[in-house]
>>> print(open('start.txt').read())   # compact mmCIF, C-alpha atoms
# COMPACT_ATOMS: atom_id res chain seq x y z
CA MET C 1 91.51 124.86 97.99
CA SER C 2 89.68 121.59 97.42
CA LEU C 3 90.67 117.94 97.94
CA VAL C 4 90.77 116.09 94.60
CA MET C 5 90.41 112.30 94.39
CA THR C 6 90.70 109.71 91.63
CA GLY C 7 87.89 107.30 90.79
CA GLU C 8 89.96 104.46 92.22
CA GLN C 9 90.36 106.30 95.54
CA VAL C 10 86.61 106.93 95.69
CA GLU C 11 85.91 103.24 95.08
CA ASP C 12 88.37 102.20 97.80
CA ILE C 13 86.71 104.50 100.34
CA VAL C 14 83.22 103.25 99.49
CA GLN C 15 84.30 99.62 99.87
CA LEU C 16 86.05 100.41 103.15
CA HIS C 17 82.90 102.17 104.38
CA LEU C 18 80.76 99.14 103.49
CA THR C 19 83.19 96.84 105.27
CA LEU C 20 83.32 98.97 108.42
CA CYS C 21 79.56 99.37 108.55
CA GLN C 22 78.94 95.75 107.56
CA SER C 23 76.12 97.21 105.47
CA MET C 24 75.65 94.15 103.29
CA HIS C 25 75.49 91.82 106.30
CA SER C 26 72.46 93.62 107.71
CA THR C 27 70.53 94.50 104.56
CA GLN C 28 68.26 92.62 102.19
CA ARG C 29 67.63 93.02 98.51
CA ARG C 30 64.19 94.64 98.13
CA GLU C 31 61.75 94.42 95.25
CA LYS C 32 60.46 97.88 96.18
CA PRO C 33 63.28 99.55 98.14
CA LEU C 34 62.79 102.68 100.20
CA LEU C 35 64.68 105.97 100.02
CA LEU C 36 64.35 107.80 103.31
CA LEU C 37 65.38 111.40 102.60
CA VAL C 38 65.89 113.40 105.81
CA ALA C 39 66.04 117.16 105.30
CA GLY C 40 66.96 120.08 107.54
CA GLN C 41 69.34 123.00 107.70
CA PRO C 42 72.77 122.49 109.34
CA GLY C 43 72.42 122.10 113.10
CA ALA C 44 68.71 121.24 112.89
CA GLY C 45 69.22 117.85 114.53
CA LYS C 46 69.28 115.36 111.65
CA THR C 47 71.73 113.20 113.58
CA GLY C 48 69.47 113.31 116.63
CA LEU C 49 66.64 111.88 114.54
CA ALA C 50 68.92 109.20 113.08
CA GLU C 51 68.06 106.40 115.52
CA THR C 52 64.33 106.75 114.82
CA ASN C 53 65.04 106.51 111.10
CA LYS C 54 67.42 103.57 111.52
CA GLN C 55 64.96 101.58 113.61
CA TYR C 56 62.29 102.15 110.98
CA LEU C 57 64.56 100.93 108.18
CA ARG C 58 65.91 97.96 110.14
CA ALA C 59 62.33 96.74 110.39
CA HIS C 60 61.97 97.02 106.62
CA GLY C 61 65.04 95.18 105.34
CA GLY C 62 67.95 97.24 106.65
CA TYR C 63 69.60 100.14 104.85
CA ILE C 64 72.72 101.73 103.42
CA HIS C 65 73.44 105.10 105.00
CA LEU C 66 74.64 107.81 102.62
CA ASP C 67 76.56 109.66 105.31
CA ALA C 68 78.92 112.30 103.88
CA ASP C 69 80.44 113.01 107.30
CA ARG C 70 81.28 109.35 107.91
CA LEU C 71 82.77 109.06 104.43
CA ARG C 72 84.68 112.33 104.91
CA GLU C 73 86.47 110.83 107.91
CA LEU C 74 87.82 108.07 105.63
CA LEU C 75 89.32 110.50 103.12
CA PRO C 76 93.12 110.26 102.84
CA GLY C 77 94.77 112.74 105.16
CA TYR C 78 91.50 114.10 106.52
CA ALA C 79 92.62 114.17 110.16
CA ALA C 80 95.68 116.22 109.18
CA LEU C 81 93.51 118.53 107.06
CA ALA C 82 91.15 119.07 109.96
CA ALA C 83 94.03 119.77 112.33
CA ALA C 84 95.59 122.27 109.92
CA HIS C 85 92.46 124.04 108.67
CA GLY C 86 89.97 123.59 111.52
CA GLU C 87 86.56 125.00 110.60
CA ALA C 88 87.43 125.12 106.87
CA ALA C 89 88.15 121.38 106.55
CA SER C 90 84.52 120.53 105.81
CA GLU C 91 84.41 122.93 102.86
CA ILE C 92 87.79 121.75 101.51
CA THR C 93 86.58 118.14 101.41
CA GLN C 94 83.02 118.84 100.25
CA ALA C 95 83.55 117.71 96.63
CA ALA C 96 85.50 114.59 97.59
CA ALA C 97 82.90 113.50 100.15
CA GLY C 98 80.17 114.19 97.59
CA ALA C 99 81.87 111.92 95.04
CA CYS C 100 81.95 109.11 97.62
CA VAL C 101 78.25 109.60 98.40
CA THR C 102 77.39 109.44 94.69
CA ARG C 103 79.25 106.15 94.25
CA LEU C 104 77.74 104.64 97.40
CA ARG C 105 74.26 105.63 96.20
CA GLN C 106 74.93 103.95 92.85
CA TYR C 107 75.97 100.80 94.68
CA ALA C 108 72.81 100.79 96.80
CA VAL C 109 70.58 101.21 93.75
CA GLU C 110 72.36 98.46 91.82
CA THR C 111 71.88 96.03 94.73
CA ARG C 112 68.27 97.15 95.48
CA ARG C 113 68.97 98.24 99.05
CA ASN C 114 67.01 100.68 101.18
CA ILE C 115 68.76 104.04 101.47
CA LEU C 116 68.98 106.51 104.34
CA GLU C 117 70.13 109.92 103.12
CA GLU C 118 70.41 113.08 105.19
CA GLY C 119 71.10 116.56 103.92
CA THR C 120 70.30 120.24 103.64
CA LEU C 121 68.91 119.98 100.07
CA ARG C 122 71.24 122.84 99.15
CA ALA C 123 71.21 121.83 95.46
CA GLY C 124 67.65 123.19 95.24
CA ALA C 125 64.15 122.16 94.20
CA ASP C 126 64.82 121.30 90.56
CA THR C 127 67.78 119.06 91.34
CA PHE C 128 66.01 117.13 94.09
CA THR C 129 62.71 116.88 92.21
CA ARG C 130 64.60 115.20 89.36
CA TYR C 131 66.46 113.02 91.87
CA ILE C 132 63.23 111.81 93.48
CA GLN C 133 61.71 111.16 90.06
CA ARG C 134 64.76 109.12 88.98
CA MET C 135 64.65 107.04 92.14
CA GLN C 136 60.94 106.40 91.68
CA GLU C 137 61.54 105.41 88.06
CA VAL C 138 64.01 102.71 89.15
CA GLY C 139 61.51 101.34 91.64
CA TYR C 140 62.10 103.24 94.89
CA LEU C 141 59.43 104.52 97.24
CA VAL C 142 60.56 107.94 98.46
CA GLU C 143 59.74 109.14 101.96
CA LEU C 144 60.66 112.72 102.84
CA ARG C 145 61.30 113.45 106.53
CA VAL C 146 61.67 117.13 107.32
CA LEU C 147 62.97 118.77 110.50
CA ALA C 148 61.08 121.95 111.35
CA VAL C 149 63.53 123.96 113.44
CA SER C 150 64.06 127.70 113.86
CA PRO C 151 67.27 129.21 112.40
CA GLU C 152 68.32 130.42 115.85
CA GLU C 153 68.00 126.92 117.28
CA SER C 154 69.93 125.30 114.44
CA LEU C 155 72.69 127.94 114.56
CA LEU C 156 73.16 127.16 118.24
CA GLY C 157 73.10 123.47 117.27
CA ILE C 158 76.10 123.97 114.98
CA TYR C 159 78.18 125.39 117.82
CA LYS C 160 76.96 122.75 120.29
CA ARG C 161 77.99 119.95 117.95
CA TYR C 162 81.39 121.51 117.27
CA GLU C 163 82.17 122.08 120.95
CA GLY C 164 80.89 118.60 121.80
CA GLN C 165 83.17 117.00 119.22
CA ILE C 166 86.16 118.95 120.53
CA ALA C 167 85.35 117.91 124.10
CA ALA C 168 85.13 114.28 122.92
CA HIS C 169 88.60 114.66 121.31
CA SER C 170 87.26 114.01 117.82
CA PRO C 171 90.16 113.94 115.32
CA ALA C 172 88.10 116.05 112.92
CA PRO C 173 85.46 118.25 114.60
CA ARG C 174 83.06 119.66 112.03
CA PHE C 175 81.98 123.29 111.86
CA VAL C 176 79.51 124.73 109.34
CA PRO C 177 80.11 128.37 108.30
CA GLU C 178 77.33 130.73 109.31
CA ASP C 179 76.79 132.11 105.79
CA TYR C 180 76.24 128.55 104.56
CA HIS C 181 73.74 128.00 107.38
CA ARG C 182 71.85 131.17 106.43
CA SER C 183 71.64 130.33 102.72
CA THR C 184 70.49 126.74 103.22
CA THR C 185 67.92 127.73 105.84
CA HIS C 186 66.49 130.41 103.57
CA ALA C 187 66.14 128.02 100.62
CA LEU C 188 64.84 124.98 102.51
CA ALA C 189 61.14 125.88 102.73
CA GLN C 190 60.96 126.62 98.99
CA THR C 191 62.64 123.32 98.18
CA ILE C 192 60.28 121.38 100.45
CA ALA C 193 57.29 123.09 98.81
CA ALA C 194 58.33 121.47 95.53
CA LEU C 195 59.43 118.08 96.86
CA GLU C 196 56.35 117.44 99.00
CA LYS C 197 54.33 117.16 95.78
CA GLN C 198 56.61 114.45 94.41
CA ALA C 199 57.48 112.30 97.45
CA ASP C 200 55.36 109.23 98.19
CA LYS C 201 55.15 110.15 101.87
CA VAL C 202 56.05 113.26 103.87
CA LEU C 203 56.60 113.52 107.63
CA VAL C 204 57.53 116.67 109.56
CA PHE C 205 59.33 116.39 112.92
CA ASP C 206 60.41 118.87 115.56
CA ARG C 207 63.95 118.77 116.96
CA ARG C 208 62.88 116.39 119.73
CA GLY C 209 61.61 113.82 117.21
CA HIS C 210 57.88 114.43 117.66
CA VAL C 211 55.81 114.04 114.49
CA LEU C 212 54.11 117.34 113.67
CA HIS C 213 52.56 116.33 110.35
CA GLN C 214 52.31 113.44 107.89
CA HIS C 215 50.97 113.19 104.37
CA LEU C 216 50.62 110.58 101.62
CA ARG C 217 51.00 111.39 97.97
CA GLY C 218 47.62 111.87 96.33
CA ASP C 219 45.91 113.17 99.48
CA GLY C 220 45.89 116.79 98.31
CA ASP C 221 48.20 119.56 99.46
CA SER C 222 50.77 118.37 101.99
CA GLY C 223 51.23 121.55 104.01
CA ALA C 224 54.75 120.53 105.08
CA SER C 225 56.37 123.71 103.79
CA ALA C 226 53.87 125.87 105.73
CA ILE C 227 54.74 124.05 108.96
CA LEU C 228 58.43 124.51 108.20
CA CYS C 229 57.96 128.25 107.63
CA ALA C 230 56.07 128.58 110.92
CA ALA C 231 58.84 126.76 112.79
CA GLN C 232 61.48 129.01 111.24
CA GLN C 233 59.68 132.00 112.73
CA ASP C 234 59.31 130.44 116.18
CA ASN C 235 59.84 133.21 118.71
CA ASN C 236 58.12 132.13 121.92
CA ALA C 237 59.33 132.96 125.42
CA GLN C 238 60.51 129.44 126.22
CA SER C 239 62.65 129.39 123.08
CA LYS C 240 64.18 132.81 123.80
CA ALA C 241 65.20 131.76 127.31
CA ALA C 242 66.58 128.42 126.10
CA LEU C 243 68.65 130.12 123.40
CA ALA C 244 70.17 132.60 125.86
CA LEU C 245 71.05 129.75 128.22
CA GLY C 246 72.48 127.76 125.32
CA TRP C 247 74.83 130.54 124.22
CA ASP C 248 75.91 131.02 127.85
CA ALA C 249 76.99 127.38 127.94
CA ILE C 250 78.77 127.56 124.57
CA PHE C 251 80.75 130.65 125.59
CA LYS C 252 81.73 129.08 128.91
CA THR C 253 82.95 125.89 127.20
CA ALA C 254 84.86 127.67 124.42
CA HIS C 255 86.45 130.13 126.85
CA ALA C 256 87.55 127.32 129.16
CA ARG C 257 89.44 125.61 126.34
CA ASN C 258 91.12 128.87 125.26
CA ALA C 259 89.43 129.02 121.87
CA LYS C 260 90.72 131.51 119.30
CA PRO C 261 89.75 135.15 119.99
CA ASP C 262 87.80 135.64 116.74
CA TYR C 263 85.75 132.50 117.44
CA LEU C 264 85.04 133.65 121.01
CA GLN C 265 84.04 137.05 119.67
CA ARG C 266 81.46 135.47 117.34
CA ILE C 267 80.00 133.52 120.23
CA ALA C 268 79.93 136.61 122.46
CA LEU C 269 78.02 138.57 119.81
CA HIS C 270 75.40 135.83 119.50
CA GLN C 271 75.19 135.55 123.28
CA ALA C 272 74.58 139.30 123.67
CA ARG C 273 72.09 139.36 120.78
CA LEU C 274 70.01 136.55 122.24
CA HIS C 275 70.09 138.07 125.73
CA ALA C 276 68.77 141.33 124.25
CA ALA C 277 65.91 139.47 122.54
CA MET C 278 65.18 137.57 125.73
CA ARG C 279 65.24 140.70 127.96
CA ALA C 280 62.73 142.38 125.64
CA ASP C 281 60.24 139.65 126.58
CA MET C 282 59.12 139.69 130.24
CA GLU C 283 58.00 136.06 130.22
CA ALA C 284 61.28 134.89 128.66
CA SER C 285 63.26 136.94 131.19
CA LYS C 286 61.39 135.34 134.08
CA ILE C 287 62.07 131.84 132.73
CA TYR C 288 65.78 132.63 132.44
CA ASP C 289 66.01 134.26 135.87
CA ASP C 290 64.18 131.36 137.50
CA LYS C 291 66.68 128.92 136.00
CA LEU C 292 69.72 131.02 136.95
CA PRO C 293 68.95 132.94 140.14
CA GLY C 294 71.48 135.72 140.60
CA ALA C 295 72.37 135.99 136.89
CA GLN C 296 69.94 138.81 136.11
CA ALA C 297 72.52 141.61 136.28
CA PHE C 298 74.91 139.64 134.07
CA SER C 299 72.16 139.05 131.52
CA GLN C 300 71.07 142.68 131.52
CA LYS C 301 74.66 143.78 130.95
CA LEU C 302 74.94 141.45 127.95
CA ALA C 303 71.66 142.74 126.55
CA ALA C 304 72.81 146.34 126.93
CA HIS C 305 76.09 145.50 125.19
CA SER C 306 74.17 144.17 122.19
CA SER C 307 72.54 147.55 121.60
CA HIS C 308 75.90 149.36 121.29
>>> encode(input="start.txt", output="structure tokens")
Amino acid sequence: MSLVMTGEQVEDIVQLHLTLCQSMHSTQRREKPLLLLVAGQPGAGKTGLAETNKQYLRAHGGYIHLDADRLRELLPGYAALAAAHGEAASEITQAAAGACVTRLRQYAVETRRNILEEGTLRAGADTFTRYIQRMQEVGYLVELRVLAVSPEESLLGIYKRYEGQIAAHSPAPRFVPEDYHRSTTHALAQTIAALEKQADKVLVFDRRGHVLHQHLRGDGDSGASAILCAAQQDNNAQSKAALALGWDAIFKTAHARNAKPDYLQRIALHQARLHAAMRADMEASKIYDDKLPGAQAFSQKLAAHSSH
């Protein structure tokens, strides 16, 4: 099942988006506009980095934000779709939201506006290399901003965002399927390895917004993909304890709202798996136990359950 839209409907949504955002009132036509391409797997924290990116672009002529999630919320009947299909609503509306993004991008290029675009780069290295080249050919400077986040941290981030949106009574909470998360995470480093050679500037951030690395085109090898690979293998004690605590909180929240049994079961499996990894590390176990005195027996029981 997929939501199908006419060209006229796409145009109406783009114009509504521009009106709501007042994009044209806060942007300037630029002789050499900037495309800020923010990349990371689902749940990596692209939204958390958004304010840093927006402040940067506001200081350089404003921007038009190619935000598929914002556009998705404007799709006809989306709230009803989300209510009826829950976690699957994002996938059902993927093509329609993508068509709106494409038209909004065209509008930004035609009017010489800076662009802020966030995504997982799931289309792959060849597609995005050609995209960057096309944007450079029409006069854009392309800056690639990459989030270096471990898959475990971003998977937890997906559930945190979903539960947070439900708690905030969002009409259309967004959930990303785990198989999609796995495939995009696996492909991201390879895609970045290709794009870092083409982009005019590359910056690598951690989830907290700290700059880990920056590189200008022509300065030799960037090294961004190597930093991304290292982050994806992050397995230190502090991270293990934080992940176990994070899944504890997610399970507690989902259970309290009487979430569906299969959803709770998925969370419980992740919770037990991360407790097992944490209990296998003495330093991580100590960090966890210091934060939650009295929870050691509970944690050990979860860890034991994971091995069965």
>>> closest_residue(input="start.txt", among="C:Glu196, C:Asp290, C:Asp12, C:Glu153", to="His270 (chain C)", atoms="all atoms listed in the file")
C:Glu153
>>> atom_distance(input="start.txt", atom1="CA of His181 (chain C)", atom2="CA of Gly119 (chain C)")
12.2 Å
>>> closest_atom_pairs(input="start.txt", of="region 196-290 of chain C", to="region 122-136 of chain C", cutoff="10 Å", atoms="all atoms listed in the file", output="CSV")
residue,atom,partner,partner_atom,distance
C:Glu196,CA,C:Thr129,CA,9.3
C:Lys197,CA,C:Thr129,CA,9.1
C:Gln198,CA,C:Thr129,CA,6.9
C:Ala199,CA,C:Ile132,CA,7.0
C:Asp200,CA,C:Gln136,CA,9.0
>>> atom_distance(input="start.txt", atom1="CA of Ala237 (chain C)", atom2="CA of Glu283 (chain C)")
5.9 Å
>>> atom_distance(input="start.txt", atom1="CA of Gly218 (chain C)", atom2="CA of Lys32 (chain C)")
19.0 Å
>>> residues_around(input="start.txt", residues="Gly7 (chain C)", least_positions_apart="4", cutoff="12 Å", atoms="all atoms listed in the file", output="mmCIF file with C-alpha atoms, in the frame of the given file")
data_model
loop_
_atom_site.group_PDB
_atom_site.id
_atom_site.type_symbol
_atom_site.label_atom_id
_atom_site.label_comp_id
_atom_site.auth_asym_id
_atom_site.auth_seq_id
_atom_site.Cartn_x
_atom_site.Cartn_y
_atom_site.Cartn_z
ATOM 1 C CA GLU C 11 85.910 103.240 95.080
ATOM 2 C CA ASP C 12 88.370 102.200 97.800
ATOM 3 C CA ILE C 13 86.710 104.500 100.340
ATOM 4 C CA VAL C 14 83.220 103.250 99.490
ATOM 5 C CA ALA C 96 85.500 114.590 97.590
ATOM 6 C CA ALA C 99 81.870 111.920 95.040
ATOM 7 C CA CYS C 100 81.950 109.110 97.620
ATOM 8 C CA THR C 102 77.390 109.440 94.690
ATOM 9 C CA ARG C 103 79.250 106.150 94.250
#
>>> residues_around(input="start.txt", residues="Val149 (chain C)", least_positions_apart="2", cutoff="10 Å", atoms="all atoms listed in the file", output="PyMOL selection string")
chain C and resi 40-41+43-45+146-147+151-154+185+205-208+227-234
>>> residues_around(input="start.txt", residues="region 165-178 of chain C", least_positions_apart="5", cutoff="7 Å", atoms="all atoms listed in the file", output="number ranges by chain")
C: 79, 82, 87, 90, 158
>>> residues_around(input="start.txt", residues="Ala50 (chain C)", least_positions_apart="3", cutoff="10 Å", atoms="all atoms listed in the file", output="PyMOL selection string")
chain C and resi 38+45-47+53-56+116+118+209
>>> closest_residue(input="start.txt", among="C:Ala84, C:Ala148, C:Leu3, C:Ala295", to="Leu245 (chain C)", atoms="only C-alpha atoms")
C:Ala295
>>> closest_residue(input="start.txt", among="C:Leu49, C:Asp67, C:Leu34, C:Ala259", to="Cys21 (chain C)", atoms="only C-alpha atoms")
C:Asp67
>>> closest_residue(input="start.txt", among="C:Tyr263, C:Ser225, C:Ala80, C:Arg145", to="Lys201 (chain C)", atoms="only C-alpha atoms")
C:Arg145
>>> closest_residue(input="start.txt", among="C:Leu195, C:Ala256, C:Leu274, C:Ala95", to="Ala242 (chain C)", atoms="all atoms listed in the file")
C:Leu274
>>> closest_residue(input="start.txt", among="C:Tyr180, C:Ile115, C:Ser299, C:His65", to="Ala88 (chain C)", atoms="all atoms listed in the file")
C:Tyr180
>>> residues_around(input="start.txt", residues="Lys252 (chain C)", least_positions_apart="6", cutoff="12 Å", atoms="all atoms listed in the file", output="list in words")
Lys160, Glu163, Leu245, Gly246, Asn258, Ala259, Leu264, Ile267, Ala268 and Gln271 of chain C
>>> axis_aligned_box(input="start.txt", around="region 67-83 of chain C", padding_each_side="5 Å", output="lines of an AutoDock Vina configuration file")
center_x = 86.1
center_y = 113.9
center_z = 107.6
size_x = 29.1
size_y = 21.7
size_z = 19.5
